[in-house]
Protein chains: 2
Amino acid sequence: MDLAPRLDLALPAGPLTLALVDAFSESGHERPLADAVEAALSGVPHLEVARDGDSVVARTSLGRAERVVIAGHLDTVPAAGNHPGRIEGGLVHGLGSCDMKGGVAVALRLAAHIAEPVRDVTYVFYDNEEVEEARNGLKRIAERHPDWLAADFAVLMEPSNAGVEGGCQGTLRVEVRTAGRRAHSARSWLGDNAIHGAADVLDRLRAYEPRRPVVEGLEYREGLNAVWIAGGVAGNVIPDECVVTVNYRFAPDRTVSEAEAHLADVFGGYDVRTVDSGEGARPGLDRPAAQAFVSAVGGQPMPKYGWTDVARFSALGIPAVNFGPGDPALAHTREEHVPIAQIESCEERMRVWLSPAGQPRHRG
Amino acid sequence: MDLAPRLDLALPAGPLTLALVDAFSESGHERPLADAVEAALSGVPHLEVARDGDSVVARTSLGRAERVVIAGHLDTVPAAGNHPGRIEGGLVHGLGSCDMKGGVAVALRLAAHIAEPVRDVTYVFYDNEEVEEARNGLKRIAERHPDWLAADFAVLMEPSNAGVEGGCQGTLRVEVRTAGRRAHSARSWLGDNAIHGAADVLDRLRAYEPRRPVVEGLEYREGLNAVWIAGGVAGNVIPDECVVTVNYRFAPDRTVSEAEAHLADVFGGYDVRTVDSGEGARPGLDRPAAQAFVSAVGGQPMPKYGWTDVARFSALGIPAVNFGPGDPALAHTREEHVPIAQIESCEERMRVWLSPAGQPRHRG
């Protein structure tokens with residue numbers, strides 16, 4: 001397949017991001033890129049490097065009072081005619097540029113060039129974030145090497161338009177089933193049409209008014225949507241079942257259990273089965289480590305609507321935020337790109353956070 | 001595969017039906033049975049036998065004033081744990097017993113044993129009725145050998161509970177599409193959910209009141225039903241399309257064109273596309289040949305709700321009725337069966353129709 005690329009961490013942020021984009025790493029095919037990351041970081045004297053599968057972890061060990069994680073995934077969704085990438089108009093275009101090789105470039109440059117951060121840093125570059133949870137590299141590390149992730153705070157370099165996004169919403173997918181009775185469609189009065197019955201389920205969805213709760217100062221925005229519908233037996237048969245798959249995105253003031261109870265209520269009278277779920281994560285911006293980060297990088301924290309691996313850190317008891325270059329709305333699109341200015345801005349602001357000059361004066 | 005069975009046309013109706021059931025003939029696999037039918041009828045001195053593919057046509061040529069067709073299909077739907085069959089409690093059980101090997105047994109016995117019918121008879125045993133129309137054996141014969149089907153009247157031995165069912169309803173399948181705009185389900189307010197939009201289509205179906213028009217004295221019963229619904233892109237995407245496949249069964253006072261215009265009206269505002277259709281057939285019971293048949297076999301004619309090949313005869317200008325043993329509601333079911341008494345009754349009544357003793361006295 002691909003030869004392992006060589007990564008030159010002396011490259012500026014834009015060209016380094018392009019090199020990462022060009023290092024094809026669709027989920028399940030991260031090995032060449034993981035090899036390159038491992039090789040590049042192993043040459044950095046102030047880092048200890050460890051490896052698990054196609055994930056690479058590098059850390060400083062300066063005995064600082066605080067340790068933080070800076071994490072990003074190496075994988076991308078499948079290519080869509082957008083690989084390799086290119087630089088044009090101040091933007092890096094191409095597969096994974098926004099989600100999230102711009103953020104990975106920031107983390108790699110910080111890892112290589114900040115030899116004496118004021119906080120010890122654990123850099124995590126992991127595999128298989130874009131696929132089913134069972135394959136997620138961060139999940140695997142948390143299970144096999146929980147000590148590698150021990151920290152007071154974590155920054156996940158997911159695209160957030162270079163702003164701090166706190167917490168994340170939870171997600172719950174359920175199947176809502178309507179039942180009927182089969183009959184030949186030429187004698188439909190002998191049957192009971194389960195697809196017609198689904199009209200009521202869809203009517204409830206249309207009438208639903210999603211909440212916009214404020215959690216720890218951030219306003220979240222929920223959503224309840226059919227993402228699949230399927231029913232039918234044959235072109236001449238009254239169908240006896242219709243399944244509406246509903247995705248509920250819920251604010252982090254609710255647990256998955258509470259979300260399930262809510263949907264049981266919304267779809268009362270129907271067979272409702274959970275397909276999959278992910279807990280949300282509270283913003284945790286009240287924690288000192290989070291406050292120090294927000295104060296160092298500046299800007300107004302925003303809520304994160306989508307589910308991200310910050311929830312995994314949250315479940316480990318580690319407050320975490322999303323902070324990375326790129327517009328999350330461009331993730332997974334053919335046109336994805338990331339502004340070089342945002343990559344540079346993220347790097348510069350995190351450099352301030354990790355450097356003595358960037359610390360609050362009263363601690364200086 | 002199966003060895004060609006030998007058919008003994010001297011068998012009584014019940015055992016002959018069982019022999020036909022046991023001669024496996026799922027659509028596309030009729031050859032052994034067609035061979036056996038051809039062989040058995042070729043041994044009958046008063047018949048001329050012709051063959052096209054897996055269809056067999058046998059005819060008397062007595063120079064009668066009138067010629068009638070007696071037709072049945074040899075194929076069955078796929079087995080459902082109901083092959084071979086058995087006789088139990090006065091019923092022949094098994095694959096195709098009801099649809100329509102009981103009727104084929106009647107036709108075979110009439111062909112073999114009525115040497116001098118008062119009407120010339122063309123017996124048609126054809127293939128591939130249970131599959132897509134392009135493969136239909138009767139359609140193929142009508143195209144290749146239209147002279148083989150020339151007649152004043154046709155009896156299709158489809159199960160009708162041994163009663164005369166006149167005409168048949170037409171069928172029209174359309175796809176009704178709703179459109180929306182994709183978005184990530186975590187930011188659903190940026191999208192427009194096409195599955196939610198389908199609620200309106202389903203509401204129109206639920207509210208629809210089907211007609212029950214009387215056509216030539218028979219009351220038909222229409223139906224408008226969703227038979228498929230499909231929508232969805234991914235578990236985290238607001239879907240931009242939903243397709244509801246609707247089957248309209250309409251009385252034979254409407255043409256397919258009129259049915260299409262009606263559905264364009266019912267689903268006004270949506271993209272409505274025809275998938276397939278079949279014209280209905282008027283009962284034609286006012287025609288002398290049909291009246292003679294009804295008067296000979298007795299009973300009260302009923303409408304046929306389902307589409308059958310009588311519509312094909314109707315399109316050829318030949319009035320046709322369904323008349324065969326078995327409950328059409330059992331067709332295509334695992335439990336299908338046919339009462340031997342109904343098979344015998346159909347045979348006996350058709351024998352009367354074809355025999356001098358059965359003719360109206362004023363003609364005797």
# chains A, B, ... in the order shown; residues from 1 in each chain; ligands from 1

$ closest_atom_pairs --of "chain A" --to "chain B" --cutoff "7 Å" --atoms "only C-alpha atoms" --output "tab-separated table"
residue	atom	partner	partner_atom	distance
A:Ala186	CA	B:Gly306	CA	4.8
A:Arg187	CA	B:Tyr305	CA	6.7
A:Ser188	CA	B:Gly223	CA	6.2
A:Ile195	CA	B:Ala226	CA	6.4
A:His196	CA	B:Leu202	CA	5.5
A:Ala199	CA	B:Ala199	CA	5.0
A:Leu202	CA	B:Ala199	CA	5.3
A:Asp203	CA	B:Ala199	CA	6.0
A:Leu205	CA	B:His196	CA	6.8
A:Arg206	CA	B:His196	CA	6.0
A:Gly223	CA	B:Ser188	CA	6.1
A:Ala226	CA	B:Ile195	CA	6.4
A:Val227	CA	B:Gly232	CA	5.3
A:Trp228	CA	B:Gly232	CA	4.1
A:Ile229	CA	B:Gly231	CA	5.2
A:Ala230	CA	B:Ala230	CA	4.8
A:Gly231	CA	B:Ile229	CA	5.2
A:Gly232	CA	B:Trp228	CA	4.1
A:Ala234	CA	B:Val227	CA	6.8
A:Gly235	CA	B:Val227	CA	5.7
A:Asn236	CA	B:Val227	CA	6.9
A:Val237	CA	B:Val227	CA	6.3
A:Ile238	CA	B:Val227	CA	5.9
A:Pro239	CA	B:Val227	CA	6.1
A:Arg249	CA	B:Ala186	CA	6.0
A:Tyr305	CA	B:Ala186	CA	5.6
A:Gly306	CA	B:Ala186	CA	4.9

$ calpha_fit_and_write --fixed "chain B" --moving "chain A" --output "compact mmCIF listing (two decimals) with C-alpha atoms, in the first residue's frame"
# COMPACT_ATOMS: atom_id res chain seq x y z
CA MET A 1 -33.07 -31.73 -11.18
CA ASP A 2 -36.49 -33.36 -11.09
CA LEU A 3 -37.23 -36.23 -13.46
CA ALA A 4 -40.20 -35.54 -15.68
CA PRO A 5 -43.22 -36.93 -13.85
CA ARG A 6 -45.76 -39.09 -15.69
CA LEU A 7 -49.28 -37.79 -15.39
CA ASP A 8 -52.12 -40.30 -15.34
CA LEU A 9 -55.16 -38.32 -16.46
CA ALA A 10 -57.40 -41.21 -15.46
CA LEU A 11 -56.75 -40.34 -11.81
CA PRO A 12 -59.67 -38.76 -9.91
CA ALA A 13 -59.44 -35.00 -9.37
CA GLY A 14 -57.96 -35.17 -5.85
CA PRO A 15 -55.10 -37.60 -6.57
CA LEU A 16 -54.39 -35.87 -9.89
CA THR A 17 -54.10 -32.52 -8.05
CA LEU A 18 -51.70 -34.12 -5.56
CA ALA A 19 -49.61 -35.51 -8.43
CA LEU A 20 -49.45 -31.99 -9.89
CA VAL A 21 -48.47 -30.51 -6.52
CA ASP A 22 -45.70 -33.08 -6.17
CA ALA A 23 -44.40 -32.18 -9.64
CA PHE A 24 -42.30 -29.24 -8.42
CA SER A 25 -42.73 -26.31 -10.80
CA GLU A 26 -41.61 -23.07 -9.20
CA SER A 27 -41.56 -20.28 -11.79
CA GLY A 28 -38.64 -20.88 -14.14
CA HIS A 29 -38.58 -24.59 -13.33
CA GLU A 30 -41.75 -25.70 -15.15
CA ARG A 31 -40.03 -27.81 -17.80
CA PRO A 32 -40.51 -31.28 -16.24
CA LEU A 33 -44.19 -30.57 -15.59
CA ALA A 34 -44.70 -29.01 -19.04
CA ASP A 35 -43.08 -32.11 -20.56
CA ALA A 36 -45.44 -34.35 -18.59
CA VAL A 37 -48.49 -32.32 -19.59
CA GLU A 38 -47.42 -32.35 -23.23
CA ALA A 39 -46.81 -36.10 -23.14
CA ALA A 40 -50.13 -36.84 -21.45
CA LEU A 41 -52.20 -34.68 -23.82
CA SER A 42 -50.36 -35.91 -26.92
CA GLY A 43 -51.80 -39.31 -26.17
CA VAL A 44 -55.38 -37.99 -26.36
CA PRO A 45 -56.79 -38.65 -29.86
CA HIS A 46 -59.24 -35.71 -30.02
CA LEU A 47 -56.61 -33.03 -29.23
CA GLU A 48 -54.00 -31.24 -31.29
CA VAL A 49 -51.06 -30.27 -29.06
CA ALA A 50 -48.63 -27.37 -29.54
CA ARG A 51 -45.78 -26.17 -27.39
CA ASP A 52 -44.01 -22.88 -26.85
CA GLY A 53 -41.22 -22.85 -24.29
CA ASP A 54 -42.73 -24.35 -21.15
CA SER A 55 -46.30 -23.66 -22.20
CA VAL A 56 -48.54 -26.33 -23.72
CA VAL A 57 -51.67 -25.66 -25.77
CA ALA A 58 -54.15 -28.39 -26.74
CA ARG A 59 -57.29 -27.90 -28.82
CA THR A 60 -60.29 -29.62 -30.23
CA SER A 61 -61.20 -28.84 -33.82
CA LEU A 62 -64.76 -29.92 -34.25
CA GLY A 63 -65.90 -26.92 -36.28
CA ARG A 64 -68.17 -25.69 -33.50
CA ALA A 65 -69.80 -22.25 -33.84
CA GLU A 66 -68.01 -21.11 -30.69
CA ARG A 67 -64.50 -21.58 -29.28
CA VAL A 68 -63.57 -21.08 -25.65
CA VAL A 69 -60.24 -20.99 -23.84
CA ILE A 70 -59.70 -22.82 -20.56
CA ALA A 71 -56.40 -21.66 -19.11
CA GLY A 72 -54.22 -22.23 -16.10
CA HIS A 73 -50.64 -21.57 -15.15
CA LEU A 74 -48.29 -24.44 -14.32
CA ASP A 75 -45.90 -22.52 -12.08
CA THR A 76 -45.98 -21.84 -8.36
CA VAL A 77 -44.33 -19.41 -5.98
CA PRO A 78 -41.25 -20.79 -4.14
CA ALA A 79 -41.78 -23.62 -1.69
CA ALA A 80 -42.24 -22.74 1.98
CA GLY A 81 -41.80 -26.11 3.66
CA ASN A 82 -44.97 -27.28 1.90
CA HIS A 83 -43.61 -29.57 -0.80
CA PRO A 84 -44.38 -32.40 -1.48
CA GLY A 85 -48.08 -32.26 -0.66
CA ARG A 86 -50.56 -34.60 0.99
CA ILE A 87 -54.25 -35.40 1.08
CA GLU A 88 -55.89 -35.06 4.47
CA GLY A 89 -59.44 -34.33 5.59
CA GLY A 90 -60.78 -33.95 2.07
CA LEU A 91 -58.13 -31.34 1.25
CA VAL A 92 -55.10 -31.42 -0.98
CA HIS A 93 -52.38 -29.58 0.93
CA GLY A 94 -49.12 -28.28 -0.45
CA LEU A 95 -47.29 -25.86 -2.67
CA GLY A 96 -49.51 -24.62 -5.47
CA SER A 97 -52.47 -26.78 -4.44
CA CYS A 98 -54.76 -23.75 -4.33
CA ASP A 99 -52.87 -21.51 -6.78
CA MET A 100 -53.58 -23.27 -9.04
CA LYS A 101 -52.95 -26.93 -9.50
CA GLY A 102 -56.50 -27.79 -8.46
CA GLY A 103 -57.68 -25.72 -11.43
CA VAL A 104 -55.06 -27.27 -13.69
CA ALA A 105 -56.31 -30.72 -12.69
CA VAL A 106 -59.85 -29.72 -13.70
CA ALA A 107 -58.63 -28.44 -17.08
CA LEU A 108 -56.52 -31.57 -17.72
CA ARG A 109 -59.40 -33.90 -16.89
CA LEU A 110 -61.81 -31.96 -19.12
CA ALA A 111 -59.23 -32.00 -21.92
CA ALA A 112 -58.70 -35.74 -21.63
CA HIS A 113 -62.27 -36.88 -21.13
CA ILE A 114 -64.58 -34.59 -23.12
CA ALA A 115 -64.02 -35.76 -26.67
CA GLU A 116 -66.89 -33.90 -28.27
CA PRO A 117 -67.55 -30.64 -26.42
CA VAL A 118 -70.42 -28.53 -27.75
CA ARG A 119 -67.93 -25.65 -27.98
CA ASP A 120 -64.47 -26.08 -29.41
CA VAL A 121 -62.00 -25.71 -26.55
CA THR A 122 -58.43 -24.44 -26.45
CA TYR A 123 -56.69 -25.61 -23.27
CA VAL A 124 -53.75 -23.42 -22.28
CA PHE A 125 -51.19 -24.48 -19.65
CA TYR A 126 -48.60 -21.77 -19.27
CA ASP A 127 -45.43 -20.85 -17.41
CA ASN A 128 -44.18 -17.97 -15.28
CA GLU A 129 -47.39 -16.40 -14.08
CA GLU A 130 -46.06 -15.82 -10.56
CA VAL A 131 -43.15 -13.61 -11.61
CA GLU A 132 -42.56 -10.35 -13.44
CA GLU A 133 -44.84 -9.76 -16.37
CA ALA A 134 -42.06 -9.86 -18.97
CA ARG A 135 -41.65 -13.62 -18.35
CA ASN A 136 -45.37 -14.46 -18.40
CA GLY A 137 -46.04 -17.43 -20.70
CA LEU A 138 -49.52 -16.27 -21.66
CA LYS A 139 -48.09 -12.89 -22.68
CA ARG A 140 -45.47 -14.69 -24.79
CA ILE A 141 -48.08 -16.85 -26.53
CA ALA A 142 -50.24 -13.79 -27.21
CA GLU A 143 -47.26 -12.16 -28.89
CA ARG A 144 -45.86 -15.16 -30.80
CA HIS A 145 -49.00 -17.14 -31.60
CA PRO A 146 -52.03 -14.89 -31.22
CA ASP A 147 -54.05 -17.38 -33.31
CA TRP A 148 -53.62 -20.00 -30.55
CA LEU A 149 -55.69 -17.80 -28.24
CA ALA A 150 -58.46 -16.80 -30.66
CA ALA A 151 -61.75 -17.46 -28.84
CA ASP A 152 -65.17 -16.08 -27.95
CA PHE A 153 -64.70 -16.48 -24.23
CA ALA A 154 -62.05 -17.55 -21.74
CA VAL A 155 -62.14 -19.20 -18.35
CA LEU A 156 -59.05 -18.70 -16.20
CA MET A 157 -58.89 -21.41 -13.56
CA GLU A 158 -57.53 -19.09 -10.82
CA PRO A 159 -58.86 -19.92 -7.35
CA SER A 160 -62.25 -18.26 -6.82
CA ASN A 161 -63.82 -20.60 -4.28
CA ALA A 162 -65.45 -22.36 -7.24
CA GLY A 163 -67.53 -19.28 -8.03
CA VAL A 164 -67.52 -17.05 -11.09
CA GLU A 165 -65.47 -13.90 -10.56
CA GLY A 166 -65.89 -11.35 -13.31
CA GLY A 167 -63.23 -9.01 -14.57
CA CYS A 168 -60.45 -7.86 -12.30
CA GLN A 169 -59.23 -4.69 -10.70
CA GLY A 170 -56.32 -2.79 -12.15
CA THR A 171 -53.13 -2.11 -10.26
CA LEU A 172 -50.81 0.87 -10.25
CA ARG A 173 -47.66 1.31 -8.21
CA VAL A 174 -46.16 4.75 -7.85
CA GLU A 175 -43.29 6.22 -5.88
CA VAL A 176 -44.11 9.38 -3.97
CA ARG A 177 -40.99 11.32 -3.04
CA THR A 178 -40.48 13.93 -0.40
CA ALA A 179 -37.40 16.12 -0.58
CA GLY A 180 -35.39 17.83 2.13
CA ARG A 181 -31.90 19.09 2.84
CA ARG A 182 -29.11 17.13 4.46
CA ALA A 183 -27.41 18.29 7.63
CA HIS A 184 -25.59 16.71 10.52
CA SER A 185 -28.17 15.49 13.02
CA ALA A 186 -26.32 17.37 15.79
CA ARG A 187 -27.26 20.58 13.94
CA SER A 188 -30.60 19.47 12.60
CA TRP A 189 -31.95 23.02 12.33
CA LEU A 190 -29.63 23.50 9.36
CA GLY A 191 -31.46 20.75 7.45
CA ASP A 192 -34.96 19.82 6.37
CA ASN A 193 -36.04 16.31 7.29
CA ALA A 194 -37.59 14.50 4.30
CA ILE A 195 -38.78 11.61 6.50
CA HIS A 196 -40.72 14.03 8.69
CA GLY A 197 -42.09 15.44 5.44
CA ALA A 198 -43.45 12.00 4.55
CA ALA A 199 -45.89 12.32 7.47
CA ASP A 200 -48.09 14.37 5.17
CA VAL A 201 -48.04 11.65 2.50
CA LEU A 202 -48.97 9.02 5.09
CA ASP A 203 -51.66 11.29 6.52
CA ARG A 204 -53.22 11.54 3.06
CA LEU A 205 -53.16 7.76 2.77
CA ARG A 206 -54.76 7.35 6.19
CA ALA A 207 -57.49 9.84 5.33
CA TYR A 208 -58.18 8.38 1.89
CA GLU A 209 -61.61 6.83 1.40
CA PRO A 210 -61.49 4.14 -1.26
CA ARG A 211 -64.30 3.87 -3.81
CA ARG A 212 -66.65 0.90 -4.08
CA PRO A 213 -68.04 1.42 -7.58
CA VAL A 214 -70.53 -0.92 -9.25
CA VAL A 215 -69.37 -1.97 -12.71
CA GLU A 216 -71.75 -4.02 -14.84
CA GLY A 217 -73.60 -5.14 -11.75
CA LEU A 218 -70.55 -6.13 -9.67
CA GLU A 219 -69.38 -4.04 -6.73
CA TYR A 220 -65.61 -3.59 -6.71
CA ARG A 221 -63.59 -2.42 -3.76
CA GLU A 222 -60.58 -0.22 -4.27
CA GLY A 223 -57.57 0.25 -2.02
CA LEU A 224 -54.77 2.77 -1.73
CA ASN A 225 -51.84 1.63 0.35
CA ALA A 226 -48.21 2.27 1.09
CA VAL A 227 -46.40 -1.01 0.39
CA TRP A 228 -42.86 0.26 0.96
CA ILE A 229 -41.24 3.20 2.66
CA ALA A 230 -37.57 4.00 2.61
CA GLY A 231 -35.49 6.96 3.67
CA GLY A 232 -32.23 7.71 5.43
CA VAL A 233 -28.61 8.45 4.66
CA ALA A 234 -26.70 7.66 7.84
CA GLY A 235 -27.43 7.43 11.53
CA ASN A 236 -26.26 11.02 12.07
CA VAL A 237 -27.59 12.75 8.96
CA ILE A 238 -30.88 14.58 8.43
CA PRO A 239 -32.25 12.75 5.37
CA ASP A 240 -32.93 14.65 2.17
CA GLU A 241 -35.23 12.10 0.55
CA CYS A 242 -37.96 9.68 1.51
CA VAL A 243 -39.76 7.41 -0.93
CA VAL A 244 -43.20 5.98 -0.25
CA THR A 245 -44.23 3.28 -2.71
CA VAL A 246 -47.99 3.26 -3.04
CA ASN A 247 -50.13 0.54 -4.59
CA TYR A 248 -53.50 1.60 -5.95
CA ARG A 249 -55.92 -1.20 -6.75
CA PHE A 250 -58.68 0.29 -8.86
CA ALA A 251 -62.00 -0.89 -10.22
CA PRO A 252 -62.21 -1.67 -13.96
CA ASP A 253 -64.22 1.47 -14.69
CA ARG A 254 -60.86 3.27 -14.61
CA THR A 255 -57.91 2.92 -16.94
CA VAL A 256 -54.31 3.06 -15.79
CA SER A 257 -54.11 6.61 -17.20
CA GLU A 258 -57.13 7.65 -15.18
CA ALA A 259 -55.65 5.99 -12.10
CA GLU A 260 -52.39 7.90 -12.62
CA ALA A 261 -54.27 11.18 -12.91
CA HIS A 262 -56.14 10.34 -9.71
CA LEU A 263 -52.92 9.69 -7.77
CA ALA A 264 -51.33 12.86 -9.17
CA ASP A 265 -54.31 14.60 -7.61
CA VAL A 266 -54.20 12.71 -4.28
CA PHE A 267 -50.46 13.42 -3.94
CA GLY A 268 -50.56 16.91 -5.39
CA GLY A 269 -47.39 18.85 -4.60
CA TYR A 270 -45.17 15.75 -4.54
CA ASP A 271 -42.99 14.04 -7.10
CA VAL A 272 -45.09 11.02 -8.19
CA ARG A 273 -43.56 8.43 -10.53
CA THR A 274 -45.20 5.32 -11.92
CA VAL A 275 -43.30 2.11 -11.19
CA ASP A 276 -45.58 -0.42 -12.83
CA SER A 277 -49.20 -0.94 -13.69
CA GLY A 278 -51.75 -3.35 -15.06
CA GLU A 279 -55.06 -2.45 -16.63
CA GLY A 280 -58.14 -3.89 -14.99
CA ALA A 281 -60.72 -5.88 -16.93
CA ARG A 282 -64.43 -5.21 -17.09
CA PRO A 283 -66.47 -8.23 -16.10
CA GLY A 284 -67.89 -8.62 -19.63
CA LEU A 285 -70.75 -10.65 -18.18
CA ASP A 286 -73.15 -9.06 -20.64
CA ARG A 287 -71.54 -10.99 -23.51
CA PRO A 288 -73.54 -14.06 -24.67
CA ALA A 289 -70.61 -16.45 -24.20
CA ALA A 290 -70.14 -15.23 -20.65
CA GLN A 291 -73.85 -15.44 -19.93
CA ALA A 292 -73.96 -19.00 -21.21
CA PHE A 293 -71.09 -19.90 -18.90
CA VAL A 294 -72.62 -18.27 -15.86
CA SER A 295 -75.95 -19.88 -16.55
CA ALA A 296 -74.34 -23.32 -16.98
CA VAL A 297 -72.11 -23.29 -13.90
CA GLY A 298 -74.60 -21.45 -11.72
CA GLY A 299 -74.04 -19.23 -8.71
CA GLN A 300 -73.89 -15.49 -8.30
CA PRO A 301 -70.97 -13.81 -10.11
CA MET A 302 -68.68 -11.81 -7.89
CA PRO A 303 -66.05 -9.17 -8.64
CA LYS A 304 -62.36 -10.15 -8.71
CA TYR A 305 -60.34 -7.80 -6.56
CA GLY A 306 -56.89 -9.03 -7.48
CA TRP A 307 -55.26 -8.56 -10.85
CA THR A 308 -55.20 -11.75 -12.92
CA ASP A 309 -54.50 -12.76 -16.50
CA VAL A 310 -58.19 -12.25 -17.32
CA ALA A 311 -57.01 -8.70 -18.00
CA ARG A 312 -54.75 -10.09 -20.72
CA PHE A 313 -57.69 -11.83 -22.41
CA SER A 314 -59.72 -8.68 -21.97
CA ALA A 315 -57.00 -6.70 -23.73
CA LEU A 316 -57.21 -9.22 -26.60
CA GLY A 317 -60.95 -8.52 -26.83
CA ILE A 318 -61.89 -11.85 -25.26
CA PRO A 319 -64.32 -11.69 -22.33
CA ALA A 320 -62.93 -13.78 -19.51
CA VAL A 321 -63.80 -14.84 -15.99
CA ASN A 322 -61.96 -16.42 -13.10
CA PHE A 323 -63.45 -19.73 -12.04
CA GLY A 324 -61.47 -22.26 -10.06
CA PRO A 325 -61.32 -24.30 -6.88
CA GLY A 326 -59.60 -22.91 -3.81
CA ASP A 327 -59.73 -19.85 -1.59
CA PRO A 328 -57.67 -17.02 -3.15
CA ALA A 329 -56.79 -15.82 0.36
CA LEU A 330 -54.76 -19.03 0.79
CA ALA A 331 -52.69 -18.45 -2.34
CA HIS A 332 -48.95 -18.05 -1.61
CA THR A 333 -49.32 -19.11 1.99
CA ARG A 334 -47.44 -21.91 3.66
CA GLU A 335 -50.78 -23.49 4.57
CA GLU A 336 -52.30 -23.40 1.12
CA HIS A 337 -54.73 -26.19 0.33
CA VAL A 338 -57.75 -26.87 -1.84
CA PRO A 339 -60.93 -28.83 -1.03
CA ILE A 340 -61.32 -31.88 -3.26
CA ALA A 341 -65.07 -31.26 -3.28
CA GLN A 342 -64.47 -27.85 -4.92
CA ILE A 343 -62.20 -29.36 -7.55
CA GLU A 344 -64.86 -31.95 -8.34
CA SER A 345 -67.61 -29.34 -8.35
CA CYS A 346 -65.73 -27.10 -10.78
CA GLU A 347 -65.07 -30.03 -13.07
CA GLU A 348 -68.65 -31.23 -12.95
CA ARG A 349 -70.13 -27.80 -13.67
CA MET A 350 -67.75 -27.14 -16.55
CA ARG A 351 -68.53 -30.59 -17.90
CA VAL A 352 -72.20 -29.57 -17.94
CA TRP A 353 -71.27 -26.37 -19.77
CA LEU A 354 -69.36 -28.28 -22.44
CA SER A 355 -71.86 -31.14 -22.85
CA PRO A 356 -75.07 -31.27 -24.89
CA ALA A 357 -77.15 -32.09 -21.81
CA GLY A 358 -76.05 -28.86 -20.19
CA GLN A 359 -77.25 -26.55 -22.93
CA PRO A 360 -80.33 -24.37 -22.55
CA ARG A 361 -83.43 -26.25 -23.62
CA HIS A 362 -84.49 -23.75 -26.24
CA ARG A 363 -81.20 -24.48 -28.04
CA GLY A 364 -81.48 -28.25 -27.50

$ select_by_dssp --residues "region 53-238 of chain B" --states "strand (DSSP E)" --output "ChimeraX atom specification"
/B:55-59,67-73,86-88,91-93,120-126,153-156,165-166,170-179,183-184,214-215,218-219,223-232,237-238

$ select_by_dssp --residues "region 94-254 of chain A" --states "alpha helix (DSSP H)" --output "JSON, numbers by chain"
{"A": [102, 103, 104, 105, 106, 107, 108, 109, 110, 111, 112, 113, 137, 138, 139, 140, 141, 142, 143, 144, 194, 195, 196, 197, 198, 199, 200, 201, 202, 203, 204, 205, 206, 207]}
